[in-house]
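For reference, input-v6.pdb (PDB, C-alpha atoms, pLDDT in the B column):
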```
ATOM      1  CA  MET H   1      98.455  86.250 106.782  1.00 71.00           C
ATOM      2  CA  THR H   2      97.012  87.261 103.430  1.00 83.00           C
ATOM      3  CA  THR H   3      97.855  89.371 100.437  1.00 90.00           C
ATOM      4  CA  ILE H   4      95.240  91.742  99.020  1.00 95.00           C
ATOM      5  CA  ASN H   5      95.090  92.346  95.277  1.00 96.00           C
ATOM      6  CA  HIS H   6      93.094  95.008  93.480  1.00 98.00           C
ATOM      7  CA  HIS H   7      91.916  94.450  89.897  1.00 97.00           C
ATOM      8  CA  ILE H   8      89.896  96.325  87.314  1.00 98.00           C
ATOM      9  CA  ILE H   9      88.287  93.894  84.881  1.00 98.00           C
ATOM     10  CA  ASP H  10      85.999  94.287  81.869  1.00 98.00           C
ATOM     11  CA  ARG H  11      82.295  93.673  82.358  1.00 98.00           C
ATOM     12  CA  GLY H  12      82.107  92.401  78.798  1.00 97.00           C
ATOM     13  CA  ASP H  13      80.901  95.634  77.254  1.00 98.00           C
ATOM     14  CA  GLY H  14      83.925  97.825  77.976  1.00 98.00           C
ATOM     15  CA  ALA H  15      82.699  98.962  81.400  1.00 98.00           C
ATOM     16  CA  ALA H  16      85.120  98.679  84.333  1.00 98.00           C
ATOM     17  CA  VAL H  17      84.409  96.349  87.246  1.00 98.00           C
ATOM     18  CA  GLU H  18      86.360  96.584  90.502  1.00 98.00           C
ATOM     19  CA  LEU H  19      87.463  93.362  92.158  1.00 98.00           C
ATOM     20  CA  PHE H  20      89.437  92.858  95.383  1.00 98.00           C
ATOM     21  CA  GLN H  21      90.956  89.505  96.365  1.00 97.00           C
ATOM     22  CA  ALA H  22      92.566  88.178  99.530  1.00 96.00           C
ATOM     23  CA  HIS H  23      94.789  85.119  99.179  1.00 89.00           C
ATOM     24  CA  PRO H  24      96.173  83.060 102.063  1.00 83.00           C
ATOM     25  CA  ILE H  25      99.960  83.215 102.020  1.00 77.00           C
ATOM     26  CA  GLY H  26     101.601  79.886 101.344  1.00 68.00           C
ATOM     27  CA  SER H  27      98.581  78.128  99.842  1.00 58.00           C
ATOM     28  CA  GLY H  28      99.504  75.275  97.479  1.00 65.00           C
ATOM     29  CA  GLU H  29      96.933  73.279  95.534  1.00 72.00           C
ATOM     30  CA  PRO H  30      93.983  75.091  93.902  1.00 81.00           C
ATOM     31  CA  ALA H  31      91.413  75.916  96.561  1.00 91.00           C
ATOM     32  CA  GLY H  32      87.897  77.293  96.651  1.00 95.00           C
ATOM     33  CA  ALA H  33      86.795  80.915  96.509  1.00 97.00           C
ATOM     34  CA  ILE H  34      84.025  83.069  97.887  1.00 98.00           C
ATOM     35  CA  LEU H  35      82.794  86.222  96.164  1.00 98.00           C
ATOM     36  CA  PHE H  36      81.034  88.848  98.290  1.00 98.00           C
ATOM     37  CA  VAL H  37      78.520  91.336  96.873  1.00 98.00           C
ATOM     38  CA  HIS H  38      78.037  94.365  99.128  1.00 97.00           C
ATOM     39  CA  GLY H  39      74.809  96.054 100.145  1.00 94.00           C
ATOM     40  CA  ASN H  40      73.489  99.597  99.708  1.00 91.00           C
ATOM     41  CA  GLN H  41      76.094 101.257 101.995  1.00 83.00           C
ATOM     42  CA  GLU H  42      73.829 104.168 102.946  1.00 79.00           C
ATOM     43  CA  GLY H  43      74.982 106.307 100.033  1.00 75.00           C
ATOM     44  CA  GLN H  44      78.721 105.957 100.771  1.00 83.00           C
ATOM     45  CA  LEU H  45      79.340 104.105  97.479  1.00 91.00           C
ATOM     46  CA  THR H  46      82.647 102.647  98.644  1.00 96.00           C
ATOM     47  CA  GLY H  47      81.797  99.309  97.048  1.00 97.00           C
ATOM     48  CA  ALA H  48      84.002  96.273  97.614  1.00 98.00           C
ATOM     49  CA  ARG H  49      86.634  98.268  99.501  1.00 97.00           C
ATOM     50  CA  GLU H  50      84.289  98.202 102.499  1.00 96.00           C
ATOM     51  CA  LEU H  51      84.966  94.469 102.899  1.00 96.00           C
ATOM     52  CA  VAL H  52      88.705  95.054 102.635  1.00 97.00           C
ATOM     53  CA  ASP H  53      88.694  97.823 105.256  1.00 96.00           C
ATOM     54  CA  ARG H  54      86.555  95.781 107.652  1.00 94.00           C
ATOM     55  CA  GLY H  55      88.934  92.852 107.355  1.00 94.00           C
ATOM     56  CA  THR H  56      86.191  90.580 106.028  1.00 95.00           C
ATOM     57  CA  LEU H  57      88.213  89.294 103.083  1.00 96.00           C
ATOM     58  CA  SER H  58      91.313  88.552 105.134  1.00 95.00           C
ATOM     59  CA  THR H  59      89.275  86.883 107.877  1.00 93.00           C
ATOM     60  CA  PHE H  60      87.465  84.540 105.510  1.00 94.00           C
ATOM     61  CA  ALA H  61      90.594  83.802 103.463  1.00 93.00           C
ATOM     62  CA  VAL H  62      92.503  82.667 106.551  1.00 92.00           C
ATOM     63  CA  ALA H  63      89.618  80.875 108.285  1.00 89.00           C
ATOM     64  CA  MET H  64      88.608  78.914 105.181  1.00 91.00           C
ATOM     65  CA  ASN H  65      92.007  78.751 103.442  1.00 91.00           C
ATOM     66  CA  VAL H  66      90.381  80.052 100.248  1.00 94.00           C
ATOM     67  CA  THR H  67      90.479  83.113  98.036  1.00 96.00           C
ATOM     68  CA  ALA H  68      88.021  85.670  99.424  1.00 97.00           C
ATOM     69  CA  ALA H  69      86.968  88.306  96.898  1.00 98.00           C
ATOM     70  CA  ALA H  70      84.551  91.216  96.670  1.00 98.00           C
ATOM     71  CA  VAL H  71      83.119  92.995  93.637  1.00 98.00           C
ATOM     72  CA  SER H  72      81.873  96.586  93.418  1.00 98.00           C
ATOM     73  CA  GLN H  73      78.465  96.986  91.839  1.00 98.00           C
ATOM     74  CA  PRO H  74      78.129  99.510  88.974  1.00 98.00           C
ATOM     75  CA  GLY H  75      78.269 103.033  90.363  1.00 97.00           C
ATOM     76  CA  PHE H  76      80.061 101.878  93.538  1.00 97.00           C
ATOM     77  CA  GLY H  77      83.791 102.051  94.186  1.00 97.00           C
ATOM     78  CA  ALA H  78      85.786 102.072  90.966  1.00 98.00           C
ATOM     79  CA  SER H  79      83.163 100.201  88.939  1.00 98.00           C
ATOM     80  CA  ASP H  80      81.665 102.174  86.070  1.00 98.00           C
ATOM     81  CA  GLY H  81      78.083 103.315  86.577  1.00 96.00           C
ATOM     82  CA  PRO H  82      75.369 104.173  86.454  1.00 97.00           C
ATOM     83  CA  CYS H  83      73.713 102.197  89.239  1.00 96.00           C
ATOM     84  CA  ASP H  84      70.854 100.046  87.944  1.00 97.00           C
ATOM     85  CA  PHE H  85      69.510  98.644  91.234  1.00 97.00           C
ATOM     86  CA  CYS H  86      70.633  95.046  90.852  1.00 98.00           C
ATOM     87  CA  GLY H  87      69.657  94.914  87.189  1.00 98.00           C
ATOM     88  CA  PRO H  88      71.358  93.331  84.170  1.00 98.00           C
ATOM     89  CA  ASN H  89      74.482  95.525  84.331  1.00 98.00           C
ATOM     90  CA  THR H  90      75.016  94.702  88.004  1.00 98.00           C
ATOM     91  CA  GLN H  91      74.448  91.014  87.361  1.00 98.00           C
ATOM     92  CA  ASP H  92      76.876  91.109  84.426  1.00 98.00           C
ATOM     93  CA  ALA H  93      79.494  92.756  86.666  1.00 98.00           C
ATOM     94  CA  ILE H  94      79.153  89.930  89.185  1.00 98.00           C
ATOM     95  CA  ILE H  95      79.356  87.339  86.420  1.00 98.00           C
ATOM     96  CA  ALA H  96      82.523  88.995  85.086  1.00 98.00           C
ATOM     97  CA  ALA H  97      84.030  88.756  88.579  1.00 98.00           C
ATOM     98  CA  LEU H  98      83.050  85.086  88.856  1.00 98.00           C
ATOM     99  CA  ASN H  99      84.644  84.343  85.499  1.00 98.00           C
ATOM    100  CA  ALA H 100      87.808  86.170  86.550  1.00 98.00           C
ATOM    101  CA  LEU H 101      88.029  83.970  89.643  1.00 97.00           C
ATOM    102  CA  LYS H 102      87.224  80.795  87.739  1.00 97.00           C
ATOM    103  CA  ASN H 103      90.092  81.401  85.308  1.00 96.00           C
ATOM    104  CA  GLN H 104      92.763  81.716  87.998  1.00 95.00           C
ATOM    105  CA  PRO H 105      95.017  78.640  88.430  1.00 93.00           C
ATOM    106  CA  SER H 106      94.993  79.024  92.240  1.00 91.00           C
ATOM    107  CA  ILE H 107      91.204  78.573  92.335  1.00 95.00           C
ATOM    108  CA  ASP H 108      89.244  75.357  91.838  1.00 96.00           C
ATOM    109  CA  PRO H 109      86.461  76.465  89.441  1.00 96.00           C
ATOM    110  CA  GLU H 110      84.088  73.898  90.942  1.00 96.00           C
ATOM    111  CA  ARG H 111      84.353  75.404  94.437  1.00 97.00           C
ATOM    112  CA  ILE H 112      83.131  78.982  94.133  1.00 98.00           C
ATOM    113  CA  VAL H 113      80.475  80.352  96.508  1.00 98.00           C
ATOM    114  CA  LEU H 114      78.579  83.587  95.870  1.00 98.00           C
ATOM    115  CA  TYR H 115      77.541  85.601  98.956  1.00 98.00           C
ATOM    116  CA  GLY H 116      75.261  88.634  98.617  1.00 98.00           C
ATOM    117  CA  HIS H 117      73.915  90.844 101.393  1.00 97.00           C
ATOM    118  CA  SER H 118      70.854  93.127 101.187  1.00 96.00           C
ATOM    119  CA  ARG H 119      71.044  94.891  97.819  1.00 97.00           C
ATOM    120  CA  GLY H 120      73.817  92.432  96.976  1.00 98.00           C
ATOM    121  CA  ALA H 121      71.482  89.510  97.713  1.00 98.00           C
ATOM    122  CA  VAL H 122      68.931  90.838  95.210  1.00 98.00           C
ATOM    123  CA  ALA H 123      71.595  90.797  92.481  1.00 98.00           C
ATOM    124  CA  ALA H 124      73.268  87.558  93.611  1.00 98.00           C
ATOM    125  CA  GLY H 125      69.945  85.731  93.599  1.00 98.00           C
ATOM    126  CA  MET H 126      69.465  86.684  89.965  1.00 98.00           C
ATOM    127  CA  VAL H 127      73.032  85.688  89.108  1.00 98.00           C
ATOM    128  CA  ALA H 128      72.384  82.256  90.631  1.00 98.00           C
ATOM    129  CA  ALA H 129      69.531  81.894  88.124  1.00 98.00           C
ATOM    130  CA  ARG H 130      71.752  82.907  85.202  1.00 98.00           C
ATOM    131  CA  TYR H 131      75.168  81.423  86.004  1.00 97.00           C
ATOM    132  CA  ASN H 132      76.077  77.747  85.831  1.00 92.00           C
ATOM    133  CA  GLY H 133      78.776  76.218  87.973  1.00 92.00           C
ATOM    134  CA  LEU H 134      78.410  77.884  91.359  1.00 98.00           C
ATOM    135  CA  ARG H 135      79.076  75.546  94.262  1.00 98.00           C
ATOM    136  CA  ALA H 136      76.598  77.392  96.461  1.00 98.00           C
ATOM    137  CA  VAL H 137      74.984  80.752  97.067  1.00 98.00           C
ATOM    138  CA  ILE H 138      74.384  82.574 100.358  1.00 98.00           C
ATOM    139  CA  LEU H 139      71.796  85.358 100.388  1.00 98.00           C
ATOM    140  CA  SER H 140      71.257  87.485 103.482  1.00 98.00           C
ATOM    141  CA  SER H 141      68.617  90.141 104.199  1.00 97.00           C
ATOM    142  CA  GLY H 142      67.528  90.190 100.573  1.00 98.00           C
ATOM    143  CA  VAL H 143      64.438  90.958  98.519  1.00 98.00           C
ATOM    144  CA  TYR H 144      63.285  88.430  95.937  1.00 98.00           C
ATOM    145  CA  ASP H 145      60.041  90.002  94.645  1.00 98.00           C
ATOM    146  CA  LEU H 146      60.991  93.589  93.929  1.00 98.00           C
ATOM    147  CA  ASN H 147      57.562  94.722  92.781  1.00 97.00           C
ATOM    148  CA  ALA H 148      55.884  93.598  96.001  1.00 96.00           C
ATOM    149  CA  PHE H 149      58.685  95.179  98.022  1.00 97.00           C
ATOM    150  CA  HIS H 150      58.556  98.422  96.051  1.00 95.00           C
ATOM    151  CA  MET H 151      54.894  98.985  96.899  1.00 92.00           C
ATOM    152  CA  ASP H 152      55.515  99.051 100.657  1.00 91.00           C
ATOM    153  CA  CYS H 153      59.157 100.035 101.186  1.00 92.00           C
ATOM    154  CA  ALA H 154      60.547 103.238 102.704  1.00 91.00           C
ATOM    155  CA  ASP H 155      60.493 106.354 100.536  1.00 93.00           C
ATOM    156  CA  GLY H 156      64.261 106.436 100.065  1.00 90.00           C
ATOM    157  CA  LEU H 157      64.384 102.878  98.760  1.00 92.00           C
ATOM    158  CA  ARG H 158      61.327 103.393  96.581  1.00 95.00           C
ATOM    159  CA  ILE H 159      62.918 106.464  94.970  1.00 95.00           C
ATOM    160  CA  ALA H 160      66.194 104.574  94.411  1.00 94.00           C
ATOM    161  CA  ILE H 161      64.362 101.700  92.736  1.00 97.00           C
ATOM    162  CA  GLU H 162      62.309 103.986  90.497  1.00 97.00           C
ATOM    163  CA  THR H 163      65.309 106.150  89.593  1.00 97.00           C
ATOM    164  CA  GLU H 164      67.741 103.325  88.871  1.00 97.00           C
ATOM    165  CA  ALA H 165      65.442 100.610  87.521  1.00 97.00           C
ATOM    166  CA  GLY H 166      62.172 102.201  86.471  1.00 97.00           C
ATOM    167  CA  GLN H 167      58.778 100.682  87.170  1.00 96.00           C
ATOM    168  CA  SER H 168      58.074  98.427  84.208  1.00 98.00           C
ATOM    169  CA  ALA H 169      57.003  94.807  84.676  1.00 97.00           C
ATOM    170  CA  GLN H 170      60.166  93.721  82.864  1.00 98.00           C
ATOM    171  CA  ALA H 171      62.388  95.795  85.154  1.00 98.00           C
ATOM    172  CA  PHE H 172      60.865  94.220  88.257  1.00 98.00           C
ATOM    173  CA  ARG H 173      61.088  90.699  86.819  1.00 98.00           C
ATOM    174  CA  GLU H 174      64.766  91.172  85.893  1.00 98.00           C
ATOM    175  CA  ARG H 175      65.458  91.873  89.556  1.00 98.00           C
ATOM    176  CA  SER H 176      63.191  89.299  91.255  1.00 98.00           C
ATOM    177  CA  ALA H 177      64.773  85.892  91.810  1.00 98.00           C
ATOM    178  CA  LEU H 178      61.460  84.542  93.133  1.00 98.00           C
ATOM    179  CA  PHE H 179      60.228  84.264  89.556  1.00 98.00           C
ATOM    180  CA  HIS H 180      63.383  82.458  88.405  1.00 98.00           C
ATOM    181  CA  ALA H 181      63.573  79.886  91.193  1.00 98.00           C
ATOM    182  CA  ASP H 182      63.248  77.015  88.722  1.00 97.00           C
ATOM    183  CA  LYS H 183      66.568  78.037  87.143  1.00 97.00           C
ATOM    184  CA  ILE H 184      68.523  77.964  90.427  1.00 97.00           C
ATOM    185  CA  THR H 185      70.139  74.568  90.815  1.00 94.00           C
ATOM    186  CA  THR H 186      72.915  75.413  93.265  1.00 96.00           C
ATOM    187  CA  GLU H 187      72.632  74.834  97.006  1.00 97.00           C
ATOM    188  CA  THR H 188      71.225  77.944  98.652  1.00 98.00           C
ATOM    189  CA  LEU H 189      71.478  79.278 102.189  1.00 98.00           C
ATOM    190  CA  LEU H 190      68.994  82.051 102.973  1.00 98.00           C
ATOM    191  CA  LEU H 191      69.642  84.204 106.045  1.00 98.00           C
ATOM    192  CA  HIS H 192      67.147  86.754 107.333  1.00 98.00           C
ATOM    193  CA  GLY H 193      66.344  88.671 110.470  1.00 97.00           C
ATOM    194  CA  ARG H 194      62.907  88.010 111.884  1.00 97.00           C
ATOM    195  CA  HIS H 195      62.619  91.709 112.824  1.00 97.00           C
ATOM    196  CA  ASP H 196      64.070  93.153 109.604  1.00 96.00           C
ATOM    197  CA  ASP H 197      62.427  96.558 109.088  1.00 94.00           C
ATOM    198  CA  ARG H 198      63.838  97.045 105.578  1.00 93.00           C
ATOM    199  CA  ALA H 199      63.362  93.714 103.835  1.00 96.00           C
ATOM    200  CA  PRO H 200      60.410  91.749 105.290  1.00 96.00           C
ATOM    201  CA  VAL H 201      61.216  88.192 106.354  1.00 98.00           C
ATOM    202  CA  ALA H 202      58.214  87.087 104.270  1.00 98.00           C
ATOM    203  CA  GLN H 203      60.359  87.741 101.194  1.00 98.00           C
ATOM    204  CA  ALA H 204      62.879  85.059 102.242  1.00 98.00           C
ATOM    205  CA  GLU H 205      60.129  82.686 103.315  1.00 98.00           C
ATOM    206  CA  ALA H 206      58.355  82.933  99.960  1.00 98.00           C
ATOM    207  CA  PHE H 207      61.617  82.492  98.057  1.00 98.00           C
ATOM    208  CA  SER H 208      62.511  79.433 100.133  1.00 98.00           C
ATOM    209  CA  VAL H 209      59.153  77.837  99.291  1.00 98.00           C
ATOM    210  CA  ALA H 210      59.605  78.628  95.588  1.00 98.00           C
ATOM    211  CA  LEU H 211      63.054  77.007  95.579  1.00 98.00           C
ATOM    212  CA  GLU H 212      61.749  73.928  97.373  1.00 97.00           C
ATOM    213  CA  ASN H 213      58.812  73.626  94.988  1.00 97.00           C
ATOM    214  CA  SER H 214      61.238  73.771  92.072  1.00 96.00           C
ATOM    215  CA  GLY H 215      63.276  70.914  93.504  1.00 95.00           C
ATOM    216  CA  GLY H 216      66.093  73.105  94.744  1.00 93.00           C
ATOM    217  CA  LYS H 217      68.203  72.419  97.813  1.00 95.00           C
ATOM    218  CA  VAL H 218      67.653  75.333 100.171  1.00 98.00           C
ATOM    219  CA  VAL H 219      68.079  76.067 103.873  1.00 97.00           C
ATOM    220  CA  LEU H 220      66.351  79.095 105.419  1.00 98.00           C
ATOM    221  CA  LYS H 221      67.702  80.405 108.720  1.00 97.00           C
ATOM    222  CA  VAL H 222      65.529  83.072 110.354  1.00 97.00           C
ATOM    223  CA  LEU H 223      67.576  84.836 113.014  1.00 95.00           C
ATOM    224  CA  GLU H 224      66.383  86.872 115.991  1.00 94.00           C
ATOM    225  CA  CYS H 225      67.640  90.226 114.732  1.00 95.00           C
ATOM    226  CA  GLY H 226      66.947  93.056 112.311  1.00 95.00           C
ATOM    227  CA  HIS H 227      68.364  93.876 108.879  1.00 95.00           C
ATOM    228  CA  ARG H 228      72.007  93.657 109.983  1.00 91.00           C
ATOM    229  CA  LEU H 229      72.882  90.133 111.046  1.00 92.00           C
ATOM    230  CA  PRO H 230      75.128  89.858 114.141  1.00 91.00           C
ATOM    231  CA  ALA H 231      78.638  88.574 113.381  1.00 87.00           C
ATOM    232  CA  LYS H 232      78.616  86.052 116.238  1.00 85.00           C
ATOM    233  CA  THR H 233      75.323  84.594 115.061  1.00 83.00           C
ATOM    234  CA  LEU H 234      76.507  84.429 111.459  1.00 85.00           C
ATOM    235  CA  LYS H 235      79.719  82.661 112.439  1.00 86.00           C
ATOM    236  CA  GLY H 236      77.817  79.695 113.811  1.00 91.00           C
ATOM    237  CA  VAL H 237      75.641  79.391 110.711  1.00 94.00           C
ATOM    238  CA  VAL H 238      77.810  80.480 107.796  1.00 94.00           C
ATOM    239  CA  GLU H 239      81.155  78.875 108.693  1.00 92.00           C
ATOM    240  CA  PRO H 240      79.846  75.259 108.849  1.00 94.00           C
ATOM    241  CA  PHE H 241      77.997  75.756 105.549  1.00 96.00           C
ATOM    242  CA  LEU H 242      81.069  77.223 103.840  1.00 95.00           C
ATOM    243  CA  LYS H 243      83.382  74.523 105.174  1.00 93.00           C
ATOM    244  CA  GLU H 244      81.109  71.886 103.671  1.00 94.00           C
ATOM    245  CA  MET H 245      80.610  73.680 100.355  1.00 96.00           C
ATOM    246  CA  LEU H 246      84.271  74.614  99.880  1.00 93.00           C
ATOM    247  CA  SER H 247      85.661  71.217 100.812  1.00 87.00           C
ATOM    248  CA  ALA H 248      87.356  69.385  97.942  1.00 68.00           C
ATOM    249  CA  GLU H 249      85.736  66.188  99.216  1.00 58.00           C
ATOM    250  CA  GLN H 250      82.292  67.550  98.354  1.00 52.00           C
ATOM    251  CA  VAL H 251      83.159  67.983  94.668  1.00 43.00           C
ATOM    252  CA  ILE H 252      82.560  65.013  92.388  1.00 39.00           C
ATOM    253  CA  HIS H 253      84.914  65.132  89.422  1.00 35.00           C
TER     254      HIS H 253
END
```

Can I see the file as structure tokens?
Amino acid sequence: MTTINHHIIDRGDGAAVELFQAHPIGSGEPAGAILFVHGNQEGQLTGARELVDRGTLSTFAVAMNVTAAAVSQPGFGASDGPCDFCGPNTQDAIIAALNALKNQPSIDPERIVLYGHSRGAVAAGMVAARYNGLRAVILSSGVYDLNAFHMDCADGLRIAIETEAGQSAQAFRERSALFHADKITTETLLLHGRHDDRAPVAQAEAFSVALENSGGKVVLKVLECGHRLPAKTLKGVVEPFLKEMLSAEQVIH
């Protein structure tokens, strides 16, 4: 059993950021936490509530005996907009959520994992380059060189990128973790579908190489699927990684 809490926190500039948390009932000593960052949601803009309604937070909280949380990106859910396609405001919202988790007495600040999917992986990859202290990061079905992706993506995505982020070299760089791989020191698990028709698997492959070349610890798992990764397949890959990363025995004090 879990309890679900809903919070509105400050991004740091007065803007509201929505955060949901699931806590296992009866937990004692401070435990780890996992923060999910949602994807594009096909224009529904429900934000983090999607992971509450699907039962994702409760499932992970119970299975891992940790706090499972989800943050709404700017313009999604109850988080103040506008959307900036994984840019600085989105990254700052995620960082605010991480800080909120880190400051809770029920959470071990050294055992926090960031998990971004699709659009969320774009932003989470950049946060990993900016934020110190993450235990690990999981990025699934993401894009890590936005300029290269923008040139060949579907019209709807191209319009969203141009509308929310613009087309300047700076805008693309602020949203492309590939070019910040040397700043990512946390352990990274990259998940990608070999047949992804939205985000080419070459994006994950190039990012994996960049992380390795920078001395980072990275594992790339290419799965036989498309953009949406099957739950059964993910269970066998993600759960063992999370159990290792969130274990108190893995943290050196």

* To do: Compile the contact shell of H:Asp92 as number ranges by chain: residues with an atom at most 12 Å away, counting all atoms listed in the file, same-chain residues fewer than 3 positions apart removed.
  => H: 9-17, 71-74, 79, 84, 86-89, 95-99, 123-124, 126-128, 130-131

Rows by chain and residue number, stretch 131-233 of chain H within 12 Å of stretch 42-63 of chain H, shortest pair, only C-alpha atoms, as CSV:
```
residue,atom,partner,partner_atom,distance
H:Gly156,CA,H:Glu42,CA,10.2
H:Leu157,CA,H:Glu42,CA,10.4
H:Ala160,CA,H:Gly43,CA,10.6
H:Ala231,CA,H:Thr56,CA,10.7
```

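Restricting the calculation to all atoms listed in the file, the smallest distance between H:Asp197 and any of H:Asp152, H:Asp182, H:Glu110, H:Glu174 is found for H:Asp152.
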
* Skipping near chain neighbours, those fewer than 6 positions away, what residues fall within 8 Å of H:Leu220 using only C-alpha atoms, listed as a list in words? -> Leu189, Leu190, Leu191, His192, Ala204, Glu205 and Ser208 of chain H

* **Interatomic distance, atom CA of H:Phe85 to atom CA of H:Glu164 (Å, one decimal)** =>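 About the pair atom CA of H:Phe85 and atom CA of H:Glu164: they are 5.5 Å apart.
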
* **Residue IDs satisfying the PyMOL selection byres ((chain H and resi 202) around 12), as a PyMOL selection string** => chain H and resi 141-145+148-149+178+190-201+203-209+220+222

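Put simply, the PyMOL selection byres ((chain H and resi 30) around 7) in this file takes in Gly28, Glu29, Ala31, Pro105, Ser106, Ile107 and Asp108 of chain H.
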
Go ahead and write the selection's residues with C-alpha atoms as a PDB file, in the frame of the given file.
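Generated file (again.pdb):
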```
ATOM      1  CA  GLY H  28      99.504  75.275  97.479  1.00 65.00           C
ATOM      2  CA  GLU H  29      96.933  73.279  95.534  1.00 72.00           C
ATOM      3  CA  ALA H  31      91.413  75.916  96.561  1.00 91.00           C
ATOM      4  CA  PRO H 105      95.017  78.640  88.430  1.00 93.00           C
ATOM      5  CA  SER H 106      94.993  79.024  92.240  1.00 91.00           C
ATOM      6  CA  ILE H 107      91.204  78.573  92.335  1.00 95.00           C
ATOM      7  CA  ASP H 108      89.244  75.357  91.838  1.00 96.00           C
TER       8      ASP H 108
END
```

* Asked: At most 12 Å from (55.9, 97.6, 93.0), file frame, only C-alpha atoms: which residues, as a PyMOL selection string?
  -> chain H and resi 145-153+157-159+161-162+165-173+175-176

* **Selection dump of the PyMOL selection byres ((chain H and resi 218) around 7), as a PyMOL selection string** => chain H and resi 187-189+208+211-212+216-217+219-220

* Find the distance between atom CA of H:Ser140 and atom CA of H:His180 and write it in Å to one decimal. =>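 Value for the atom CA of H:Ser140-atom CA of H:His180 distance: 17.7 Å.
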
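Atom to atom, atom CA of H:Leu19 and atom CA of H:His7 stand 5.1 Å apart.
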
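Of the residues listed (H:Ile112, H:Ala22, H:Leu229, H:Leu134), H:Leu134 shows the shortest atom-to-atom separation from H:Thr185; distances use all atoms listed in the file.
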